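Quick look at work-v3.cif (mmCIF, C-alpha atoms):
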data_entry
loop_
_atom_site.label_atom_id
_atom_site.label_comp_id
_atom_site.auth_asym_id
_atom_site.auth_seq_id
_atom_site.Cartn_x
_atom_site.Cartn_y
_atom_site.Cartn_z
CA MET A 1 -28.91 -28.83 6.20
CA TYR A 2 -27.41 -26.98 9.16
CA GLY A 3 -30.74 -25.24 9.78
CA TRP A 4 -32.44 -28.62 9.87
CA ILE A 5 -29.93 -29.91 12.43
CA TRP A 6 -30.32 -26.78 14.53
CA ARG A 7 -34.10 -27.11 14.58
CA HIS A 8 -33.89 -30.75 15.67
CA LEU A 9 -31.47 -30.19 18.54
CA PRO A 10 -33.21 -30.21 21.93
CA GLY A 11 -33.22 -27.40 24.51
CA ASN A 12 -32.90 -23.65 24.28
CA ALA A 13 -30.36 -21.73 22.18
CA TRP A 14 -27.53 -22.17 24.70
CA VAL A 15 -28.01 -25.93 24.94
CA LYS A 16 -28.20 -26.15 21.16
CA ALA A 17 -24.99 -24.16 20.82
CA LEU A 18 -23.23 -26.43 23.32
CA ILE A 19 -24.40 -29.59 21.55
CA SER A 20 -23.31 -28.08 18.23
CA VAL A 21 -19.80 -27.46 19.53
CA VAL A 22 -19.61 -31.04 20.82
CA LEU A 23 -20.83 -32.33 17.45
CA VAL A 24 -18.26 -30.28 15.54
CA LEU A 25 -15.46 -31.54 17.81
CA ALA A 26 -16.66 -35.11 17.35
CA VAL A 27 -16.62 -34.72 13.56
CA VAL A 28 -13.10 -33.21 13.64
CA TYR A 29 -11.91 -36.08 15.86
CA VAL A 30 -13.31 -38.72 13.50
CA LEU A 31 -11.73 -36.94 10.53
CA PHE A 32 -8.26 -36.70 12.13
CA GLN A 33 -8.36 -40.16 13.66
CA TYR A 34 -9.86 -42.23 10.86
CA VAL A 35 -10.67 -40.41 7.64
CA PHE A 36 -7.49 -38.40 7.03
CA PRO A 37 -5.07 -41.23 7.90
CA TRP A 38 -6.91 -43.28 5.32
CA ALA A 39 -6.91 -40.53 2.67
CA GLU A 40 -3.38 -39.23 3.15
CA PRO A 41 -1.51 -42.26 1.68
CA LEU A 42 -3.53 -41.79 -1.50
CA LEU A 43 -1.61 -38.55 -2.04
CA PRO A 44 1.93 -38.72 -3.46
CA PHE A 45 3.83 -37.57 -0.34
CA ASN A 46 4.41 -41.15 0.78
CA ASP A 47 6.16 -42.33 -2.35
CA VAL A 48 9.76 -42.08 -1.24
CA THR A 49 11.04 -45.52 -2.21
CA VAL A 50 12.28 -46.95 -5.45
CA ASP A 51 10.29 -50.01 -6.41
CA GLY A 52 9.00 -51.85 -9.41
CA GLN A 53 5.59 -50.20 -9.45
CA MET B 1 -39.31 -21.72 -1.89
CA THR B 2 -37.68 -24.86 -3.33
CA VAL B 3 -35.17 -22.72 -5.23
CA ARG B 4 -34.18 -20.99 -2.02
CA LEU B 5 -33.79 -24.36 -0.25
CA PHE B 6 -31.68 -25.66 -3.13
CA VAL B 7 -29.39 -22.64 -3.18
CA ARG B 8 -29.01 -22.68 0.59
CA THR B 9 -28.16 -26.39 0.70
CA LEU B 10 -25.69 -25.97 -2.14
CA SER B 11 -23.88 -23.12 -0.38
CA GLU B 12 -23.80 -25.08 2.86
CA LEU B 13 -22.25 -27.99 1.00
CA CYS B 14 -19.60 -25.71 -0.54
CA ILE B 15 -18.73 -24.26 2.87
CA THR B 16 -18.51 -27.80 4.29
CA VAL B 17 -16.19 -28.97 1.53
CA GLY B 18 -14.04 -25.87 2.02
CA ALA B 19 -13.78 -26.50 5.74
CA LEU B 20 -12.88 -30.16 5.03
CA ILE B 21 -10.06 -29.10 2.71
CA VAL B 22 -8.68 -26.63 5.25
CA LEU B 23 -8.80 -29.31 7.95
CA PHE B 24 -7.03 -31.78 5.67
CA VAL B 25 -4.27 -29.30 4.91
CA VAL B 26 -3.84 -28.74 8.65
CA TYR B 27 -3.64 -32.50 9.07
CA VAL B 28 -1.02 -32.99 6.34
CA LEU B 29 1.15 -29.97 7.14
CA TYR B 30 0.94 -29.98 10.91
CA TRP B 31 -0.67 -32.99 12.48
CA THR B 32 1.41 -35.65 10.68
CA GLY B 33 4.49 -33.85 12.03
CA VAL B 34 3.13 -33.91 15.57
CA GLN B 35 2.37 -37.61 15.26
CA ALA B 36 5.76 -38.40 13.72
CA GLY B 37 7.44 -36.39 16.48
CA SER B 38 5.92 -38.49 19.22
CA ALA B 39 6.39 -41.74 17.26
CA THR B 40 10.10 -41.09 16.63
CA ALA B 41 10.63 -39.95 20.19
CA GLY B 42 9.09 -43.23 21.33
CA GLN B 43 11.30 -45.19 18.94
CA LEU B 44 14.46 -43.37 20.09
CA ASP B 45 13.52 -43.87 23.74
CA GLY B 46 12.88 -47.57 23.17
CA LEU B 47 16.21 -48.03 21.40
CA GLN B 48 18.17 -46.14 24.06
CA ARG B 49 16.49 -48.20 26.79
CA ALA B 50 17.16 -51.49 25.01
CA TRP B 51 20.79 -50.55 24.38
CA ALA B 52 21.29 -49.42 27.96
CA GLN B 53 20.14 -52.82 29.21
CA ARG B 54 22.39 -54.76 26.87
CA PRO B 55 25.59 -56.04 28.51
CA VAL B 56 28.64 -54.24 27.17
CA GLU B 57 30.63 -57.48 26.84
CA ALA B 58 28.20 -58.79 24.27
CA ALA B 59 28.93 -55.72 22.21
CA ALA B 60 32.56 -56.59 21.56
CA PRO B 61 32.60 -57.20 17.79
CA ALA B 62 36.06 -58.77 17.56
CA GLU B 63 35.13 -62.27 18.68
CA PRO B 64 35.73 -64.65 15.80
CA ALA B 65 33.06 -67.16 16.79
CA ALA B 66 30.31 -64.56 17.21
CA PRO B 67 26.97 -65.99 16.03
CA ALA B 68 25.21 -64.41 13.08
CA PRO B 69 23.15 -61.46 14.37
CA ALA B 70 19.40 -61.80 14.46
CA PRO B 71 17.64 -60.42 11.38
CA TYR B 72 16.02 -57.01 11.76
CA ALA B 73 12.39 -57.38 12.85
CA ASP B 74 9.93 -55.89 10.35
CA GLY B 75 8.58 -52.54 11.47
CA LYS B 76 10.93 -52.34 14.46
CA GLY B 77 13.64 -49.76 15.00
CA PHE B 78 17.23 -51.00 15.10
CA ALA B 79 19.45 -47.95 14.55
CA VAL B 80 19.64 -44.19 14.85
CA MET B 81 20.83 -41.97 12.02
CA TYR B 82 22.53 -38.58 12.32
CA VAL B 83 23.23 -36.27 9.39
CA PRO B 84 24.98 -33.10 10.59
CA ARG B 85 24.36 -31.36 7.24
CA LEU B 86 20.60 -31.62 7.81
CA GLY B 87 20.85 -30.12 11.28
CA GLN B 88 22.99 -30.53 14.38
CA ASP B 89 20.06 -32.08 16.22
CA TRP B 90 18.88 -34.10 13.21
CA GLU B 91 18.31 -37.53 14.74
CA TRP B 92 15.97 -40.16 13.29
CA PRO B 93 15.33 -43.81 14.10
CA VAL B 94 15.80 -46.36 11.31
CA LEU B 95 13.13 -49.06 11.16
CA GLU B 96 13.10 -52.28 9.17
CA GLY B 97 10.94 -52.18 6.04
CA THR B 98 9.52 -49.42 3.87
CA ARG B 99 5.81 -49.93 4.37
CA THR B 100 3.65 -46.81 4.70
CA ASP B 101 3.02 -47.44 8.39
CA THR B 102 6.72 -47.93 9.07
CA LEU B 103 7.74 -44.72 7.33
CA LYS B 104 5.33 -42.80 9.54
CA LYS B 105 7.54 -43.60 12.54
CA GLY B 106 10.97 -42.89 11.09
CA LEU B 107 13.28 -43.83 8.25
CA GLY B 108 12.79 -47.22 6.59
CA HIS B 109 15.52 -49.73 5.75
CA TYR B 110 14.78 -51.54 2.49
CA ALA B 111 14.20 -55.17 3.41
CA GLY B 112 16.62 -57.40 1.56
CA THR B 113 19.43 -54.85 1.34
CA ALA B 114 22.62 -55.18 3.37
CA ARG B 115 22.77 -54.86 7.13
CA LEU B 116 24.29 -51.80 8.73
CA GLY B 117 28.05 -51.70 8.13
CA GLU B 118 28.16 -54.90 6.11
CA THR B 119 29.37 -55.45 2.58
CA GLY B 120 26.60 -54.51 0.20
CA ASN B 121 24.21 -51.62 0.14
CA PHE B 122 22.45 -50.43 3.30
CA ALA B 123 19.49 -48.63 1.70
CA VAL B 124 17.19 -46.29 3.62
CA ALA B 125 14.09 -44.35 2.54
CA GLY B 126 12.59 -41.33 4.25
CA HIS B 127 9.87 -38.71 3.84
CA ARG B 128 10.82 -35.50 2.10
CA ARG B 129 7.68 -33.79 3.39
CA THR B 130 5.00 -34.65 5.96
CA TYR B 131 5.61 -36.88 8.96
CA GLY B 132 8.28 -34.61 10.37
CA ASP B 133 9.98 -33.73 7.05
CA PRO B 134 13.12 -35.81 7.77
CA PHE B 135 14.64 -35.36 4.30
CA LYS B 136 13.36 -31.83 3.60
CA ASP B 137 16.91 -30.51 3.01
CA PHE B 138 18.04 -33.60 1.08
CA PRO B 139 19.36 -31.56 -1.91
CA ARG B 140 21.81 -29.78 0.38
CA LEU B 141 23.83 -32.97 0.86
CA ARG B 142 27.32 -32.65 -0.65
CA PRO B 143 30.24 -35.00 -1.27
CA GLY B 144 32.12 -35.57 1.97
CA ASP B 145 29.10 -35.05 4.22
CA ALA B 146 28.88 -37.49 7.07
CA VAL B 147 25.96 -39.88 7.55
CA VAL B 148 26.45 -41.40 10.98
CA LEU B 149 24.53 -44.39 12.30
CA THR B 150 24.64 -46.39 15.47
CA ASP B 151 23.12 -49.75 16.31
CA GLY B 152 23.87 -49.40 19.99
CA THR B 153 27.23 -51.15 19.88
CA THR B 154 29.08 -49.47 17.01
CA TRP B 155 29.21 -46.03 15.39
CA PHE B 156 29.26 -46.19 11.58
CA THR B 157 30.40 -43.08 9.73
CA TYR B 158 29.51 -43.05 6.05
CA ARG B 159 30.72 -40.33 3.67
CA VAL B 160 28.57 -39.04 0.83
CA ASP B 161 30.25 -39.57 -2.54
CA ARG B 162 28.32 -37.32 -4.89
CA ALA B 163 25.54 -34.73 -4.93
CA PRO B 164 21.98 -36.09 -4.97
CA TYR B 165 21.14 -38.04 -8.10
CA ARG B 166 17.66 -37.66 -9.59
CA THR B 167 16.00 -40.69 -11.08
CA VAL B 168 12.61 -42.28 -11.73
CA PRO B 169 10.69 -44.35 -9.14
CA THR B 170 11.18 -47.61 -11.05
CA ASP B 171 14.98 -47.36 -11.03
CA THR B 172 15.55 -50.06 -8.42
CA ALA B 173 19.16 -50.52 -9.54
CA VAL B 174 20.10 -47.55 -7.34
CA ILE B 175 19.81 -49.79 -4.27
CA ASP B 176 21.73 -52.71 -5.78
CA PRO B 177 24.72 -54.01 -3.79
CA VAL B 178 26.90 -52.05 -6.22
CA PRO B 179 24.48 -49.28 -7.23
CA ARG B 180 24.26 -48.38 -10.88
CA ARG B 181 25.31 -44.80 -11.76
CA SER B 182 26.87 -44.37 -8.32
CA GLY B 183 30.47 -44.42 -9.52
CA PHE B 184 31.30 -47.37 -7.26
CA ASP B 185 33.08 -49.97 -9.35
CA GLY B 186 33.27 -52.95 -7.02
CA PRO B 187 31.75 -54.52 -3.93
CA GLY B 188 32.00 -52.41 -0.79
CA ARG B 189 30.18 -51.19 2.27
CA TYR B 190 27.75 -48.67 0.81
CA LEU B 191 24.77 -46.67 1.98
CA THR B 192 21.92 -45.35 -0.14
CA LEU B 193 19.33 -42.78 0.92
CA THR B 194 16.17 -42.29 -1.14
CA THR B 195 13.39 -39.73 -0.94
CA CYS B 196 10.87 -38.16 -3.29
CA ASP B 197 11.35 -35.31 -5.71
CA PRO B 198 9.92 -32.72 -6.22
CA GLU B 199 9.31 -31.83 -2.63
CA TRP B 200 5.55 -32.40 -2.68
CA GLY B 201 5.45 -34.74 -5.66
CA SER B 202 6.25 -38.30 -6.52
CA SER B 203 7.31 -38.20 -10.15
CA HIS B 204 11.00 -38.68 -9.33
CA ARG B 205 13.32 -39.84 -6.57
CA LEU B 206 16.45 -38.28 -5.16
CA ILE B 207 19.28 -40.66 -4.35
CA VAL B 208 22.42 -40.14 -2.30
CA TRP B 209 25.20 -42.71 -2.11
CA ALA B 210 27.85 -42.98 0.57
CA HIS B 211 30.57 -45.41 1.53
CA LEU B 212 31.61 -46.61 4.96
CA ASP B 213 34.48 -44.42 6.11
CA ALA B 214 35.04 -45.39 9.74
CA THR B 215 33.62 -47.42 12.58
CA GLN B 216 34.21 -47.25 16.29
CA PRO B 217 32.64 -48.91 19.31
CA VAL B 218 30.16 -46.81 21.26
CA THR B 219 32.45 -47.13 24.27
CA ALA B 220 34.92 -44.90 22.37
CA GLY B 221 32.43 -42.03 22.41
CA ARG B 222 30.70 -40.19 19.61
CA PRO B 223 32.54 -40.07 16.27
CA ARG B 224 34.31 -36.88 15.29
CA ALA B 225 31.76 -36.12 12.58
CA LEU B 226 29.16 -35.62 15.29
CA ARG B 227 31.37 -33.77 17.72
CA ARG B 228 32.39 -31.16 15.16
CA PRO B 229 29.61 -31.10 12.58
CA GLN B 230 31.25 -28.54 10.27
CA ALA B 231 34.53 -30.45 10.14
CA SER B 232 33.03 -32.63 7.43
CA ASP B 233 32.73 -29.84 4.87
CA GLY B 234 34.40 -31.07 1.73
#

Would you mind writing the file's structure down as structure tokens?
Amino acid sequence: MYGWIWRHLPGNAWVKALISVVLVLAVVYVLFQYVFPWAEPLLPFNDVTVDGQ
Amino acid sequence: MTVRLFVRTLSELCITVGALIVLFVVYVLYWTGVQAGSATAGQLDGLQRAWAQRPVEAAAPAEPAAPAPAPYADGKGFAVMYVPRLGQDWEWPVLEGTRTDTLKKGLGHYAGTARLGETGNFAVAGHRRTYGDPFKDFPRLRPGDAVVLTDGTTWFTYRVDRAPYRTVPTDTAVIDPVPRRSGFDGPGRYLTLTTCDPEWGSSHRLIVWAHLDATQPVTAGRPRALRRPQASDG
């Protein structure tokens, strides 16, 4: 998987490494901005109210 | 060759899932606190600015013909809470409503419960953990502890009546105007705080009840409970 990505990145090793870092940062950003805020309320830490449910 | 590819892909997947879990833990333990910190700071700033612009004359509560105050706007902050027992600099905005998004920005006032300082039960929910951990030390609350709130015109000092009461999430009677099991036996100006229990779970709720002890206009300065935090030890 990662080997396949590495082989398909353009440029020499340094360019590939740079693009990889950018890709990793992009993935972390998407996770923190969109995926985790969606997933976190599914965990029980938000249930602080008394209600009929 | 295909076996090697299979094993390699499987191990890469395991490493990826592990990294995801670590990142998620960082998000829950650390990043939600950072976000809540900036959200509450924004709420507190907004409230202080709005209150600073309000004419002081309009704040005088003694006028008999004063019109009914506007209802709290859903999701908007309207008060600031101080609990000296939870920390001398413990200061959280109170927002209207208890939706998930609202509770990310501060404490949430149960819609439909009494207004601040009025007869009935002013009920507020807050996170025990994550989003700044406002009620992390909730079990340390003791009878006599002060819960001080201000809406910009008046300081309200509530006094806790009994140690935290543990109940189940469906026990909505704890936020009734005269809460069940609270020991209050008639209508009054009450306050209820709710959070989750155990600390990282949701199987139970912790409840603290308090009654209104004193009010004073903001022009009279901060109430004594805030000036001398340890004076409230009971």

Next on the checklist: I'd like to see the residues matched by the PyMOL selection byres ((chain B) within 7 of (chain A)) on this file, and ideally I'd get them as an MDAnalysis selection string.
Outcome noted: chainID B and resid 9 24 27 100 125:127 129 169:172 194:196 200:202 205

Checklist entry - Quick one: distance from atom CA of B:Arg180 to atom CA of B:Tyr131 in Å, one decimal? => result 29.6 Å

Next on the checklist: Rounded to one decimal, what separation in Å do you get between atom CA of B:Met1 and atom CA of A:Ile19?
Outcome noted: 28.9 Å

Next on the checklist: For A:Trp6, find every residue with an atom within 12 Å (counting all atoms listed in the file), except residues of its own chain fewer than 3 positions away, and show them as a list in words.
Outcome noted: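 Counting only the stated atoms, we get Met1, Tyr2, Gly3, Leu9, Pro10, Gly11, Asn12, Ala13, Trp14, Val15, Lys16, Ala17, Leu18, Ile19, Ser20, Val21 and Leu23 of chain A.
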
Keeping C-alpha atoms, export the residues of the selection given above as a PDB file, keeping the file's coordinate frame.
ATOM      1  CA  MET A   1     -28.910 -28.830   6.200  1.00  0.00           C
ATOM      2  CA  TYR A   2     -27.410 -26.980   9.160  1.00  0.00           C
ATOM      3  CA  GLY A   3     -30.740 -25.240   9.780  1.00  0.00           C
ATOM      4  CA  LEU A   9     -31.470 -30.190  18.540  1.00  0.00           C
ATOM      5  CA  PRO A  10     -33.210 -30.210  21.930  1.00  0.00           C
ATOM      6  CA  GLY A  11     -33.220 -27.400  24.510  1.00  0.00           C
ATOM      7  CA  ASN A  12     -32.900 -23.650  24.280  1.00  0.00           C
ATOM      8  CA  ALA A  13     -30.360 -21.730  22.180  1.00  0.00           C
ATOM      9  CA  TRP A  14     -27.530 -22.170  24.700  1.00  0.00           C
ATOM     10  CA  VAL A  15     -28.010 -25.930  24.940  1.00  0.00           C
ATOM     11  CA  LYS A  16     -28.200 -26.150  21.160  1.00  0.00           C
ATOM     12  CA  ALA A  17     -24.990 -24.160  20.820  1.00  0.00           C
ATOM     13  CA  LEU A  18     -23.230 -26.430  23.320  1.00  0.00           C
ATOM     14  CA  ILE A  19     -24.400 -29.590  21.550  1.00  0.00           C
ATOM     15  CA  SER A  20     -23.310 -28.080  18.230  1.00  0.00           C
ATOM     16  CA  VAL A  21     -19.800 -27.460  19.530  1.00  0.00           C
ATOM     17  CA  LEU A  23     -20.830 -32.330  17.450  1.00  0.00           C
TER      18      LEU A  23
END

Item to check | For atom CA of B:Thr130 and atom CA of B:Arg166, the interatomic separation in Å (one decimal) | outcome: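 The value is 20.3 Å.
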
Next on the checklist: Applying the PyMOL selection byres ((chain B and resi 161) around 8) to the file I just gave you, which residues come out? Please list them as number ranges by chain.
Outcome noted: B: 142-144, 159-160, 162-163, 208-211

Hey, can you spit out that residue selection with C-alpha atoms as an mmCIF file, in the frame of the given file?
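Done, and the output landed in out_33.cif:
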data_model
loop_
_atom_site.group_PDB
_atom_site.id
_atom_site.type_symbol
_atom_site.label_atom_id
_atom_site.label_comp_id
_atom_site.auth_asym_id
_atom_site.auth_seq_id
_atom_site.Cartn_x
_atom_site.Cartn_y
_atom_site.Cartn_z
ATOM 1 C CA ARG B 142 27.320 -32.650 -0.650
ATOM 2 C CA PRO B 143 30.240 -35.000 -1.270
ATOM 3 C CA GLY B 144 32.120 -35.570 1.970
ATOM 4 C CA ARG B 159 30.720 -40.330 3.670
ATOM 5 C CA VAL B 160 28.570 -39.040 0.830
ATOM 6 C CA ARG B 162 28.320 -37.320 -4.890
ATOM 7 C CA ALA B 163 25.540 -34.730 -4.930
ATOM 8 C CA VAL B 208 22.420 -40.140 -2.300
ATOM 9 C CA TRP B 209 25.200 -42.710 -2.110
ATOM 10 C CA ALA B 210 27.850 -42.980 0.570
ATOM 11 C CA HIS B 211 30.570 -45.410 1.530
#

Checklist entry - If we count all atoms listed in the file, what is near B:Ala73 at a cut-off of 9 Å, once residues fewer than 2 positions away on the same chain are taken out, given as an MDAnalysis selection string? => result chainID B and resid 70:71 75:78 95:97

Checklist entry - Which is closest to B:Tyr110 among B:Asp197, B:Asp74, B:Asp151, B:Asp185, if we use all atoms listed in the file? => result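 With all atoms listed in the file as the atom set, the closest residue is B:Asp74.
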
Item to check | Answer key for the PyMOL selection byres ((chain B and resi 47) around 9), residues as a PyMOL selection string | outcome: chain B and resi 42-46+48-52+77-80+93+151-152

Output C-alpha atoms for every residue in that selection, as a PDB file, in the coordinates of the input.
ATOM      1  CA  GLY B  42       9.090 -43.230  21.330  1.00  0.00           C
ATOM      2  CA  GLN B  43      11.300 -45.190  18.940  1.00  0.00           C
ATOM      3  CA  LEU B  44      14.460 -43.370  20.090  1.00  0.00           C
ATOM      4  CA  ASP B  45      13.520 -43.870  23.740  1.00  0.00           C
ATOM      5  CA  GLY B  46      12.880 -47.570  23.170  1.00  0.00           C
ATOM      6  CA  GLN B  48      18.170 -46.140  24.060  1.00  0.00           C
ATOM      7  CA  ARG B  49      16.490 -48.200  26.790  1.00  0.00           C
ATOM      8  CA  ALA B  50      17.160 -51.490  25.010  1.00  0.00           C
ATOM      9  CA  TRP B  51      20.790 -50.550  24.380  1.00  0.00           C
ATOM     10  CA  ALA B  52      21.290 -49.420  27.960  1.00  0.00           C
ATOM     11  CA  GLY B  77      13.640 -49.760  15.000  1.00  0.00           C
ATOM     12  CA  PHE B  78      17.230 -51.000  15.100  1.00  0.00           C
ATOM     13  CA  ALA B  79      19.450 -47.950  14.550  1.00  0.00           C
ATOM     14  CA  VAL B  80      19.640 -44.190  14.850  1.00  0.00           C
ATOM     15  CA  PRO B  93      15.330 -43.810  14.100  1.00  0.00           C
ATOM     16  CA  ASP B 151      23.120 -49.750  16.310  1.00  0.00           C
ATOM     17  CA  GLY B 152      23.870 -49.400  19.990  1.00  0.00           C
TER      18      GLY B 152
END

Find the smallest box with edges along x, y and z containing every listed atom of stretch 182-194 of chain B, then add 6 Å on each side and report centre and edge lengths in Å to one decimal, as AutoDock Vina command-line options.
--center_x 24.7 --center_y -48.4 --center_z -3.6 --size_x 29.1 --size_y 24.2 --size_z 23.8

Item to check | Contacts of B:Tyr190 at 8 Å (only C-alpha atoms; same-chain gap of 4+ positions) as a list in words | outcome: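 Answer for this query is Gly117, Thr119, Gly120, Asn121, Phe122, Tyr158, Pro177, Val178, Trp209, Ala210, His211 and Leu212 of chain B.
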
What would the list of residues within 12 Å of (23.9, -28.3, 0.7) (file frame) look like as a tab-separated table (two decimals) with C-alpha atoms, keeping the file's coordinate frame, if all atoms listed in the file are what count?
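Below is the file out_3.tsv, written as the result:
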chain	number	residue	atom	x	y	z
B	83	VAL	CA	23.23	-36.27	9.39
B	84	PRO	CA	24.98	-33.10	10.59
B	85	ARG	CA	24.36	-31.36	7.24
B	86	LEU	CA	20.60	-31.62	7.81
B	87	GLY	CA	20.85	-30.12	11.28
B	136	LYS	CA	13.36	-31.83	3.60
B	137	ASP	CA	16.91	-30.51	3.01
B	138	PHE	CA	18.04	-33.60	1.08
B	139	PRO	CA	19.36	-31.56	-1.91
B	140	ARG	CA	21.81	-29.78	0.38
B	141	LEU	CA	23.83	-32.97	0.86
B	142	ARG	CA	27.32	-32.65	-0.65
B	143	PRO	CA	30.24	-35.00	-1.27
B	144	GLY	CA	32.12	-35.57	1.97
B	145	ASP	CA	29.10	-35.05	4.22
B	160	VAL	CA	28.57	-39.04	0.83
B	162	ARG	CA	28.32	-37.32	-4.89
B	163	ALA	CA	25.54	-34.73	-4.93
B	164	PRO	CA	21.98	-36.09	-4.97
B	233	ASP	CA	32.73	-29.84	4.87
B	234	GLY	CA	34.40	-31.07	1.73

Item to check | Contact residues around B:Asp89 with only C-alpha atoms at 12 Å, ignoring same-chain residues under 6 positions, as a list in words | outcome: Met81, Tyr82, Val83, Pro134, Leu226, Arg227 and Pro229 of chain B
